[in-house]
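Please read the structure below before turning to the comments.
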There are 2 protein chains.
Amino acid sequence: MDNDDVIFKQVPKGVYVPGQDLVVEQSTIDLHAPLKEGEFILKNLVLSVDPYMRIFLENGVLKPGNVMGGNSMSVVLRSNNPDFQKDDLVYGKIARGRFEKYSLVSAEYAKASYKVRNQPKQTGLPLSNYCGALGMAGMTAYGGLLKVGKPVAGETIFISAASGAVGQLVGQMAKNLGLHVVGSAGSDAKINYLKEIGFDGAFNYKTDDIDAKLTELCPNGIDIYFDNVGGVMLEKAIDHASHYARFPICGAISQYDDLKGGYPIKNFHKVMSKAITIQGFHFTQYTEELEEEFLENVAKWLNDGSIKYAESISEGIETMPQALLDVMEGKNFGKQIVKVADL
Amino acid sequence: MDNDDVIFKQVPKGVYVPGQDLVVEQSTIDLHAPLKEGEFILKNLVLSVDPYMRIFLENGVLKPGNVMGGNSMSVVLRSNNPDFQKDDLVYGKIARGRFEKYSLVSAEYAKASYKVRNQPKQTGLPLSNYCGALGMAGMTAYGGLLKVGKPVAGETIFISAASGAVGQLVGQMAKNLGLHVVGSAGSDAKINYLKEIGFDGAFNYKTDDIDAKLTELCPNGIDIYFDNVGGVMLEKAIDHASHYARFPICGAISQYDDLKGGYPIKNFHKVMSKAITIQGFHFTQYTEELEEEFLENVAKWLNDGSIKYAESISEGIETMPQALLDVMEGKNFGKQIVKVADL
């Protein structure tokens, strides 16, 4: 059987280039070959495309020449592993779910890379949700908001890249917790979407005056800044922060193509004078403590409509390299998913 | 009776200038005049001179034309206030203890500004200690290390301005807690002092290669960076930080003369990738919870010699304006104190 794999070909030289740094190549796989003990075969169904992947192409988490890895949902076609049985739905972890049509997985690779996640059979939610609102993006929003943001009803939260995979969830969760929710995004369509899903205020950072908008929309200052972009927006948020503000640092998409000389933050002394807490975090820090309640709560909220979740689904594994560029350039709308196959 | 007052004359235009921005002026006070209800008269004994004062000259905490304020220890000469009795020793709070020879204090001003602190009568420790190791500097070291740094035995802490008022205490407290302690300072005499008081490593940031020294002295990376200076040292500490490092941000002395366009931090994206927590704090956040155990523990450590505390004492209230410049330029050695009078 032909197998299409997304290969991590080379570390990007500055700006990431699809078809050069990530390349789709054909290989073959025998879906009927005998399986060694612990082996199983996955049919990969949906893949998650996330801005953090740009970092993994640089920092050694992913190695050039290997199949690209990331969040994924798959189904077990055949198995010689009691922990992964035929027809089980399987979640591929960050940087580990293999981006190819079919995967022959060893017991050892599976241990660090895959979890059985059959919840979609009960919840009826689309598998793509399990690569987004119920995957890493969701866990990042949930953990970052609750554990780093420490939200208190009545406070103001400002979220950058607010229509993105994580931002739209953070905003809706915060709204449910009684906060005043403000977001920024890069197009008027995204701004309208944010207002539709309940944001109290939103502005277009490309066309609006950022200072004026933050003054207008956050009249009591920013208590929580959920940072997805870094750079100049982080600097502005420091200027508008309240005393004892908390800044969950989730992403720095504006900086990923130039990690050696990023945007210089010039007002850092205010972190002290305002007693701001700026905390980089990985969702993995909170997974053990929070994953179960997270999966239950967010599935409930998606099903009862109290959280809406926009996805941008591109069809076919061959679209994955371009989809990453789209995410980095803000061209996608909502969580970027690549659909590889139907269940 | 003649009274000498340090007057906050004007907001510094860029670099602080003693004798221009802070000026010693003479006034008069009648020490025998009748006291209204709640009034009392203080003879001020020692004053604390701290780099943060430079910020207060700019941000409105202190007003031009007023008597300068800061940590102080005084004795009550006469009193018509039952909470402040004759011969009580009195601690002046941050920005509130009046920098003059004698002070006529109203009940209202006293409430927000002074606390009776008679402990020196029991501990036998010099009053100057209560403006340093047992004053705001000590509480800053204690609270910042324990509550923000969250130290764990075996970890590495790096402290900038390590021979300063706060740094030398942080280092010795951390050493007592079983950490590997490294500090930077600006002269070889200060480096030698750090080694004398038990630092595992120390370097001169003016003459040594900072990157090479941090690599050599913190071979397992920096788990806690206690930041007293901001600027380039903060950037270097981010480069050398371990995953999940904590950065108590205590001061930014390198930035105080240019708060509008400070040193640009260029590697801020690493705060996310390393999941660093950077937390500005004020000692006042922890005073209620920790002050009692702090006063008890640090007095014990000073008396049993497990903490040494270098002070730089200048004689006479007229030396105060220059002493602040010395602190900002790193010319002083240890905690800067101005002695106004004997008890």
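Labeling convention for the structure tokens: chains A, B, ... as they appear, residues from 1 per chain, ligands from 1 in order of appearance.
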* **Residues within 6 Å of range 17-31 of chain B, only C-alpha atoms, excluding chain neighbours under 5 positions, as an MDAnalysis selection string** => chainID B and resid 1:10 12 321:322
Please dump the current selection as a PDB file, in the first residue's frame; keep C-alpha atoms.
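Here's the written file result-v7.pdb:
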```pdb
ATOM      1  CA  MET B   1      16.151  73.721  67.789  1.00  0.00           C
ATOM      2  CA  ASP B   2      17.637  73.550  64.310  1.00  0.00           C
ATOM      3  CA  ASN B   3      16.350  70.634  62.231  1.00  0.00           C
ATOM      4  CA  ASP B   4      18.049  69.349  59.086  1.00  0.00           C
ATOM      5  CA  ASP B   5      15.694  67.835  56.507  1.00  0.00           C
ATOM      6  CA  VAL B   6      16.447  66.025  53.271  1.00  0.00           C
ATOM      7  CA  ILE B   7      14.091  67.679  50.786  1.00  0.00           C
ATOM      8  CA  PHE B   8      12.964  66.013  47.564  1.00  0.00           C
ATOM      9  CA  LYS B   9      13.513  69.088  45.408  1.00  0.00           C
ATOM     10  CA  GLN B  10      12.775  67.913  41.857  1.00  0.00           C
ATOM     11  CA  PRO B  12      15.711  63.874  38.325  1.00  0.00           C
ATOM     12  CA  PRO B 321      21.857  62.652  48.959  1.00  0.00           C
ATOM     13  CA  GLN B 322      25.352  61.496  47.950  1.00  0.00           C
TER      14      GLN B 322
END
```
* With a distance cut-off of 6 Å and only C-alpha atoms, select the neighbouring residues of range 163-179 of chain A, excluding the residue or stretch itself and same-chain residues fewer than 6 positions from it, and output the selection as a list in words. => Ala137, Ala141, Ala153, Gly154, Glu155, Thr156, Gly334 and Lys335 of chain A
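Omitting Gly132 in chain A and its sequence neighbours fewer than 3 positions away, and counting only C-alpha atoms, the residues within 10 Å are Leu47, Ser48, Val49, Asp50, Asn71, Ser72, Leu127, Ser128, Asn129, Gly135, Met136, Ala137, Gly138, Met139, Thr140, Ala165, Val166, Leu169, Tyr309, Ala310, Glu311, Gly334, Lys335, Gln336 and Ile337 of chain A.
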Could you write out the selected residues, including C-alpha atoms, as a PDB file, in the first residue's frame?
```
ATOM      1  CA  LEU A  47      -3.708  15.914  12.379  1.00  0.00           C
ATOM      2  CA  SER A  48      -3.285  19.089  14.390  1.00  0.00           C
ATOM      3  CA  VAL A  49      -1.226  21.925  12.900  1.00  0.00           C
ATOM      4  CA  ASP A  50       0.138  24.321  15.515  1.00  0.00           C
ATOM      5  CA  ASN A  71      -1.150  15.834  17.886  1.00  0.00           C
ATOM      6  CA  SER A  72      -3.314  13.378  15.970  1.00  0.00           C
ATOM      7  CA  LEU A 127     -12.620  13.653  15.936  1.00  0.00           C
ATOM      8  CA  SER A 128     -11.113  16.972  14.886  1.00  0.00           C
ATOM      9  CA  ASN A 129     -12.257  18.414  18.252  1.00  0.00           C
ATOM     10  CA  GLY A 135      -6.532  18.146  22.567  1.00  0.00           C
ATOM     11  CA  MET A 136      -3.403  20.058  23.282  1.00  0.00           C
ATOM     12  CA  ALA A 137      -4.915  23.448  22.446  1.00  0.00           C
ATOM     13  CA  GLY A 138      -7.751  22.886  24.887  1.00  0.00           C
ATOM     14  CA  MET A 139      -5.529  21.599  27.647  1.00  0.00           C
ATOM     15  CA  THR A 140      -3.231  24.579  27.096  1.00  0.00           C
ATOM     16  CA  ALA A 165      -6.744  27.509  18.485  1.00  0.00           C
ATOM     17  CA  VAL A 166      -6.095  28.387  22.126  1.00  0.00           C
ATOM     18  CA  LEU A 169     -11.152  28.742  24.160  1.00  0.00           C
ATOM     19  CA  TYR A 309     -14.971  26.173  18.496  1.00  0.00           C
ATOM     20  CA  ALA A 310     -14.043  27.301  14.997  1.00  0.00           C
ATOM     21  CA  GLU A 311     -11.860  24.943  13.006  1.00  0.00           C
ATOM     22  CA  GLY A 334      -9.690  28.998  14.165  1.00  0.00           C
ATOM     23  CA  LYS A 335      -7.916  25.758  14.910  1.00  0.00           C
ATOM     24  CA  GLN A 336      -5.996  24.389  11.915  1.00  0.00           C
ATOM     25  CA  ILE A 337      -6.678  20.710  11.259  1.00  0.00           C
TER      26      ILE A 337
END
```
* To do: Show which residues sit within 7 Å of Tyr225 in chain B, as a VMD selection string. Count only C-alpha atoms, and ignore same-chain residues fewer than 6 positions away.
  => chain B and resid 157 to 159 237 246 to 248
* **Residues near Val61 in chain A, cut-off 10 Å, only C-alpha atoms, skip fewer than 5 positions along chain, as a ChimeraX atom specification** => /A:53,55-56,69,95-96
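The gap separating CA of Val67 in chain A from CA of Ser79 in chain A is 21.4 Å, in Å to one decimal.
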So which residues touch range 278-280 of chain A within 10 Å, counting only C-alpha atoms, skipping near sequence neighbours fewer than 3 positions away, as a CSV table (one decimal) with N, CA and C atoms, in the first residue's frame?
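Printed below is part36.csv as written:
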```csv
chain,number,residue,atom,x,y,z
A,144,GLY,N,-3.5,26.8,31.4
A,144,GLY,CA,-2.9,28.2,31.4
A,144,GLY,C,-3.8,29.2,32.1
A,148,VAL,N,-2.1,29.4,35.8
A,148,VAL,CA,-1.2,30.5,35.7
A,148,VAL,C,-2.0,31.8,35.8
A,149,GLY,N,-3.2,31.9,35.1
A,149,GLY,CA,-4.0,33.1,35.1
A,149,GLY,C,-4.6,33.4,36.5
A,224,ILE,N,-5.2,39.8,33.6
A,224,ILE,CA,-4.5,38.6,33.1
A,224,ILE,C,-4.3,38.9,31.6
A,225,TYR,N,-3.0,38.7,31.2
A,225,TYR,CA,-2.8,38.8,29.7
A,225,TYR,C,-2.4,37.4,29.3
A,226,PHE,N,-3.2,36.8,28.5
A,226,PHE,CA,-2.9,35.5,27.9
A,226,PHE,C,-2.2,35.7,26.6
A,227,ASP,N,-0.9,35.5,26.6
A,227,ASP,CA,0.0,35.9,25.5
A,227,ASP,C,0.2,34.7,24.5
A,238,ILE,N,2.2,44.9,29.1
A,238,ILE,CA,2.9,45.3,30.3
A,238,ILE,C,2.6,46.8,30.7
A,245,ALA,N,-0.7,41.7,38.1
A,245,ALA,CA,-1.2,41.0,36.9
A,245,ALA,C,-0.5,39.7,36.7
A,246,ARG,N,-1.2,38.7,36.1
A,246,ARG,CA,-0.6,37.4,35.7
A,246,ARG,C,-0.6,37.3,34.2
A,247,PHE,N,0.6,36.9,33.7
A,247,PHE,CA,0.7,36.7,32.2
A,247,PHE,C,1.1,35.3,31.9
A,248,PRO,N,0.1,34.5,31.6
A,248,PRO,CA,0.4,33.1,31.1
A,248,PRO,C,1.1,33.3,29.7
A,249,ILE,N,2.3,32.8,29.5
A,249,ILE,CA,3.0,33.0,28.2
A,249,ILE,C,2.8,31.7,27.5
A,250,CYS,N,2.0,31.7,26.5
A,250,CYS,CA,1.6,30.5,25.8
A,250,CYS,C,2.3,30.3,24.5
A,251,GLY,N,2.5,31.4,23.8
A,251,GLY,CA,3.2,31.4,22.5
A,251,GLY,C,3.8,32.7,22.2
A,271,VAL,N,7.7,45.2,35.2
A,271,VAL,CA,7.4,43.9,35.8
A,271,VAL,C,7.6,43.9,37.3
A,275,ALA,N,4.7,44.5,40.0
A,275,ALA,CA,4.7,43.1,40.6
A,275,ALA,C,3.9,42.2,39.7
B,243,HIS,N,14.8,24.6,32.7
B,243,HIS,CA,13.3,24.5,32.6
B,243,HIS,C,12.7,24.7,34.0
B,244,TYR,N,11.6,25.5,33.9
B,244,TYR,CA,10.8,25.7,35.2
B,244,TYR,C,11.5,26.6,36.2
B,245,ALA,N,12.5,27.4,35.7
B,245,ALA,CA,13.2,28.3,36.6
B,245,ALA,C,12.3,29.4,37.1
B,246,ARG,N,12.6,29.9,38.3
B,246,ARG,CA,11.8,31.0,38.9
B,246,ARG,C,12.8,32.2,39.0
B,247,PHE,N,12.2,33.4,38.6
B,247,PHE,CA,13.0,34.6,38.6
B,247,PHE,C,12.3,35.6,39.5
B,268,PHE,N,13.2,37.0,24.9
B,268,PHE,CA,12.0,36.7,25.8
B,268,PHE,C,11.2,35.5,25.4
B,269,HIS,N,11.3,35.1,24.1
B,269,HIS,CA,10.6,33.8,23.7
B,269,HIS,C,11.1,32.6,24.5
B,270,LYS,N,12.2,32.7,25.1
B,270,LYS,CA,12.7,31.5,25.9
B,270,LYS,C,11.9,31.4,27.2
B,271,VAL,N,11.3,32.5,27.6
B,271,VAL,CA,10.5,32.4,28.8
B,271,VAL,C,9.4,31.3,28.6
B,272,MET,N,8.9,31.2,27.4
B,272,MET,CA,7.9,30.2,27.1
B,272,MET,C,8.6,28.9,26.9
B,273,SER,N,9.6,28.8,26.0
B,273,SER,CA,10.1,27.5,25.7
B,273,SER,C,10.7,26.8,26.9
B,274,LYS,N,11.2,27.6,27.9
B,274,LYS,CA,11.8,27.0,29.1
B,274,LYS,C,10.8,27.0,30.3
B,275,ALA,N,9.6,27.5,30.0
B,275,ALA,CA,8.6,27.6,31.1
B,275,ALA,C,9.1,28.3,32.3
B,276,ILE,N,9.7,29.4,32.1
B,276,ILE,CA,10.2,30.2,33.2
B,276,ILE,C,9.1,31.1,33.8
B,277,THR,N,9.2,31.2,35.2
B,277,THR,CA,8.3,32.2,35.8
B,277,THR,C,9.1,33.4,36.3
B,278,ILE,N,8.7,34.5,35.8
B,278,ILE,CA,9.4,35.8,36.1
B,278,ILE,C,8.4,36.6,36.9
B,279,GLN,N,8.7,36.9,38.2
B,279,GLN,CA,7.7,37.5,39.0
B,279,GLN,C,8.3,38.7,39.7
B,280,GLY,N,7.7,39.9,39.3
B,280,GLY,CA,8.0,41.1,40.1
B,280,GLY,C,7.3,41.0,41.4
```
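Note that the spacing between CA of Glu329 in chain B and CA of Ala161 in chain B amounts to 11.3 Å.
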* **Expected answer as JSON, numbers by chain: helix (DSSP H, G or I) residues in range 13-149 of chain B** => {"B": [53, 54, 55, 56, 107, 108, 109, 110, 111, 112, 113, 119, 120, 121, 122, 123, 127, 128, 129, 130, 131, 136, 137, 138, 139, 140, 141, 142, 143, 144, 145, 146, 147, 148, 149]}
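The closest residue to chain A, picked from B:His282, B:Lys121, B:Lys150, B:Lys93 and counting only C-alpha atoms, is B:His282.
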When you look at Ser184 in chain A with a cut-off of 10 Å (counting only C-alpha atoms), what residues show up, excluding the ones that are within fewer than 3 positions of it in the same chain? I need them as an mmCIF file with all heavy atoms, in the first residue's frame.
```cif
data_model
loop_
_atom_site.group_PDB
_atom_site.id
_atom_site.type_symbol
_atom_site.label_atom_id
_atom_site.label_comp_id
_atom_site.auth_asym_id
_atom_site.auth_seq_id
_atom_site.Cartn_x
_atom_site.Cartn_y
_atom_site.Cartn_z
ATOM 1 N N PHE A 158 -7.049 39.957 28.848
ATOM 2 C CA PHE A 158 -6.781 40.318 27.459
ATOM 3 C C PHE A 158 -6.039 39.157 26.818
ATOM 4 O O PHE A 158 -5.105 38.610 27.398
ATOM 5 C CB PHE A 158 -5.956 41.610 27.389
ATOM 6 C CG PHE A 158 -5.424 41.910 26.019
ATOM 7 C CD1 PHE A 158 -6.286 42.002 24.920
ATOM 8 C CD2 PHE A 158 -4.064 42.099 25.804
ATOM 9 C CE1 PHE A 158 -5.797 42.279 23.648
ATOM 10 C CE2 PHE A 158 -3.570 42.373 24.541
ATOM 11 C CZ PHE A 158 -4.432 42.455 23.458
ATOM 12 N N ILE A 159 -6.489 38.781 25.608
ATOM 13 C CA ILE A 159 -5.964 37.602 24.926
ATOM 14 C C ILE A 159 -5.514 38.019 23.532
ATOM 15 O O ILE A 159 -6.295 38.608 22.781
ATOM 16 C CB ILE A 159 -7.062 36.524 24.804
ATOM 17 C CG1 ILE A 159 -7.615 36.171 26.181
ATOM 18 C CG2 ILE A 159 -6.542 35.292 24.075
ATOM 19 C CD1 ILE A 159 -9.009 35.536 26.139
ATOM 20 N N SER A 160 -4.265 37.733 23.187
ATOM 21 C CA SER A 160 -3.810 38.002 21.823
ATOM 22 C C SER A 160 -3.993 36.747 20.984
ATOM 23 O O SER A 160 -4.103 35.642 21.516
ATOM 24 C CB SER A 160 -2.354 38.467 21.823
ATOM 25 O OG SER A 160 -1.527 37.529 22.466
ATOM 26 N N ALA A 161 -4.010 36.918 19.654
ATOM 27 C CA ALA A 161 -4.347 35.813 18.744
ATOM 28 C C ALA A 161 -5.612 35.129 19.262
ATOM 29 O O ALA A 161 -5.698 33.901 19.357
ATOM 30 C CB ALA A 161 -3.196 34.811 18.616
ATOM 31 N N ALA A 162 -6.588 35.955 19.570
ATOM 32 C CA ALA A 162 -7.741 35.489 20.341
ATOM 33 C C ALA A 162 -8.689 34.596 19.553
ATOM 34 O O ALA A 162 -9.509 33.896 20.146
ATOM 35 C CB ALA A 162 -8.510 36.687 20.908
ATOM 36 N N SER A 163 -8.593 34.608 18.246
ATOM 37 C CA SER A 163 -9.455 33.709 17.474
ATOM 38 C C SER A 163 -8.737 32.404 17.151
ATOM 39 O O SER A 163 -9.289 31.534 16.488
ATOM 40 C CB SER A 163 -9.921 34.390 16.180
ATOM 41 O OG SER A 163 -8.829 34.526 15.285
ATOM 42 N N GLY A 167 -6.689 30.733 21.898
ATOM 43 C CA GLY A 167 -7.289 31.994 22.320
ATOM 44 C C GLY A 167 -8.803 31.958 22.419
ATOM 45 O O GLY A 167 -9.389 32.433 23.400
ATOM 46 N N SER A 187 -7.823 40.330 11.661
ATOM 47 C CA SER A 187 -8.733 40.664 10.554
ATOM 48 C C SER A 187 -10.088 41.013 11.131
ATOM 49 O O SER A 187 -10.441 40.596 12.238
ATOM 50 C CB SER A 187 -8.878 39.496 9.570
ATOM 51 O OG SER A 187 -9.748 38.516 10.100
ATOM 52 N N LYS A 190 -12.226 38.023 11.945
ATOM 53 C CA LYS A 190 -11.895 37.392 13.227
ATOM 54 C C LYS A 190 -12.483 38.192 14.392
ATOM 55 O O LYS A 190 -12.974 37.627 15.368
ATOM 56 C CB LYS A 190 -10.364 37.278 13.374
ATOM 57 C CG LYS A 190 -9.741 36.262 12.407
ATOM 58 C CD LYS A 190 -8.222 36.217 12.542
ATOM 59 C CE LYS A 190 -7.631 35.189 11.579
ATOM 60 N NZ LYS A 190 -6.159 35.132 11.635
ATOM 61 N N ILE A 191 -12.416 39.500 14.285
ATOM 62 C CA ILE A 191 -12.979 40.361 15.337
ATOM 63 C C ILE A 191 -14.484 40.110 15.474
ATOM 64 O O ILE A 191 -15.006 39.972 16.588
ATOM 65 C CB ILE A 191 -12.709 41.849 15.006
ATOM 66 C CG1 ILE A 191 -11.203 42.116 14.936
ATOM 67 C CG2 ILE A 191 -13.383 42.768 16.023
ATOM 68 C CD1 ILE A 191 -10.419 41.595 16.087
ATOM 69 N N LEU A 194 -15.082 36.918 17.280
ATOM 70 C CA LEU A 194 -14.861 37.017 18.725
ATOM 71 C C LEU A 194 -16.088 37.617 19.413
ATOM 72 O O LEU A 194 -16.503 37.152 20.477
ATOM 73 C CB LEU A 194 -13.625 37.871 19.025
ATOM 74 C CG LEU A 194 -12.290 37.244 18.592
ATOM 75 C CD1 LEU A 194 -11.137 38.211 18.864
ATOM 76 C CD2 LEU A 194 -12.039 35.921 19.309
ATOM 77 N N GLY A 201 -14.983 42.734 24.213
ATOM 78 C CA GLY A 201 -14.344 43.697 23.324
ATOM 79 C C GLY A 201 -13.308 42.990 22.478
ATOM 80 O O GLY A 201 -12.751 41.963 22.898
ATOM 81 N N ALA A 202 -13.060 43.525 21.296
ATOM 82 C CA ALA A 202 -12.055 42.928 20.419
ATOM 83 C C ALA A 202 -11.574 43.995 19.453
ATOM 84 O O ALA A 202 -12.328 44.895 19.086
ATOM 85 C CB ALA A 202 -12.643 41.746 19.657
ATOM 86 N N PHE A 203 -10.301 43.907 19.066
ATOM 87 C CA PHE A 203 -9.789 44.887 18.088
ATOM 88 C C PHE A 203 -8.807 44.220 17.140
ATOM 89 O O PHE A 203 -8.274 43.137 17.408
ATOM 90 C CB PHE A 203 -9.170 46.094 18.794
ATOM 91 C CG PHE A 203 -7.943 45.790 19.615
ATOM 92 C CD1 PHE A 203 -6.679 45.880 19.054
ATOM 93 C CD2 PHE A 203 -8.051 45.444 20.950
ATOM 94 C CE1 PHE A 203 -5.542 45.612 19.805
ATOM 95 C CE2 PHE A 203 -6.925 45.176 21.714
ATOM 96 C CZ PHE A 203 -5.664 45.253 21.134
ATOM 97 N N ASN A 204 -8.627 44.900 16.008
ATOM 98 C CA ASN A 204 -7.745 44.415 14.945
ATOM 99 C C ASN A 204 -6.379 45.063 15.135
ATOM 100 O O ASN A 204 -6.230 46.269 14.933
ATOM 101 C CB ASN A 204 -8.365 44.804 13.595
ATOM 102 C CG ASN A 204 -7.572 44.275 12.419
ATOM 103 O OD1 ASN A 204 -6.374 44.014 12.528
ATOM 104 N ND2 ASN A 204 -8.249 44.106 11.292
ATOM 105 N N TYR A 205 -5.407 44.280 15.553
ATOM 106 C CA TYR A 205 -4.102 44.862 15.898
ATOM 107 C C TYR A 205 -3.369 45.396 14.670
ATOM 108 O O TYR A 205 -2.425 46.178 14.787
ATOM 109 C CB TYR A 205 -3.219 43.839 16.631
ATOM 110 C CG TYR A 205 -2.649 42.755 15.752
ATOM 111 C CD1 TYR A 205 -1.399 42.904 15.145
ATOM 112 C CD2 TYR A 205 -3.348 41.580 15.510
ATOM 113 C CE1 TYR A 205 -0.882 41.917 14.322
ATOM 114 C CE2 TYR A 205 -2.845 40.601 14.704
ATOM 115 C CZ TYR A 205 -1.602 40.762 14.104
ATOM 116 O OH TYR A 205 -1.095 39.785 13.288
ATOM 117 N N LYS A 206 -3.843 44.985 13.483
ATOM 118 C CA LYS A 206 -3.164 45.478 12.269
ATOM 119 C C LYS A 206 -3.651 46.876 11.871
ATOM 120 O O LYS A 206 -2.904 47.633 11.253
ATOM 121 C CB LYS A 206 -3.396 44.514 11.107
ATOM 122 C CG LYS A 206 -2.648 43.194 11.260
ATOM 123 C CD LYS A 206 -2.896 42.261 10.064
ATOM 124 C CE LYS A 206 -2.127 40.958 10.228
ATOM 125 N NZ LYS A 206 -2.540 39.947 9.230
ATOM 126 N N ASP A 208 -6.033 48.898 14.086
ATOM 127 C CA ASP A 208 -6.396 49.771 15.201
ATOM 128 C C ASP A 208 -5.147 50.262 15.937
ATOM 129 O O ASP A 208 -4.086 49.653 15.856
ATOM 130 C CB ASP A 208 -7.295 49.016 16.204
ATOM 131 C CG ASP A 208 -8.696 48.775 15.662
ATOM 132 O OD1 ASP A 208 -9.200 49.655 14.940
ATOM 133 O OD2 ASP A 208 -9.278 47.716 15.962
ATOM 134 N N ILE A 210 -3.280 50.200 19.053
ATOM 135 C CA ILE A 210 -3.306 49.215 20.141
ATOM 136 C C ILE A 210 -3.459 49.895 21.501
ATOM 137 O O ILE A 210 -4.285 49.505 22.323
ATOM 138 C CB ILE A 210 -2.030 48.331 20.112
ATOM 139 C CG1 ILE A 210 -1.981 47.530 18.795
ATOM 140 C CG2 ILE A 210 -2.001 47.390 21.310
ATOM 141 C CD1 ILE A 210 -0.696 46.742 18.604
ATOM 142 N N LYS A 213 -6.975 51.293 21.981
ATOM 143 C CA LYS A 213 -7.965 50.236 22.163
ATOM 144 C C LYS A 213 -7.847 49.586 23.537
ATOM 145 O O LYS A 213 -8.856 49.278 24.177
ATOM 146 C CB LYS A 213 -7.801 49.173 21.059
ATOM 147 C CG LYS A 213 -8.440 49.602 19.744
ATOM 148 C CD LYS A 213 -9.963 49.670 19.893
ATOM 149 C CE LYS A 213 -10.647 50.170 18.637
ATOM 150 N NZ LYS A 213 -12.103 50.322 18.833
ATOM 151 N N LEU A 214 -6.623 49.360 24.009
ATOM 152 C CA LEU A 214 -6.468 48.756 25.337
ATOM 153 C C LEU A 214 -6.980 49.709 26.417
ATOM 154 O O LEU A 214 -7.605 49.282 27.391
ATOM 155 C CB LEU A 214 -5.012 48.357 25.591
ATOM 156 C CG LEU A 214 -4.537 47.126 24.803
ATOM 157 C CD1 LEU A 214 -3.048 46.871 25.054
ATOM 158 C CD2 LEU A 214 -5.345 45.882 25.181
ATOM 159 N N MET A 233 3.114 43.176 21.350
ATOM 160 C CA MET A 233 1.859 43.081 22.104
ATOM 161 C C MET A 233 2.145 42.798 23.574
ATOM 162 O O MET A 233 1.437 43.310 24.457
ATOM 163 C CB MET A 233 0.962 41.994 21.502
ATOM 164 C CG MET A 233 -0.469 42.091 21.955
ATOM 165 S SD MET A 233 -1.281 43.608 21.404
ATOM 166 C CE MET A 233 -1.993 43.017 19.861
#
```
* To do: If you run DSSP over the backbone, which residues in range 116-272 of chain A end up strand (DSSP E or B)? Put them as a ChimeraX atom specification.
  => /A:116,156-159,180-185,201-204,222-227,241-249,265
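Distances to Lys300 in chain A were evaluated for A:Lys36, A:Arg54, A:Ile41, A:Gln122 using only C-alpha atoms, and the minimum falls at A:Gln122.
Of the residues listed (A:Glu108, A:Glu58, A:Glu39, A:Asp188), A:Glu39 shows the shortest atom-to-atom separation from Asn80 in chain A; distances use only C-alpha atoms.
Considering only C-alpha atoms, the residue among B:Tyr130, B:Phe281, B:Tyr142, B:Tyr193 positioned nearest to Leu89 in chain B is B:Tyr130.
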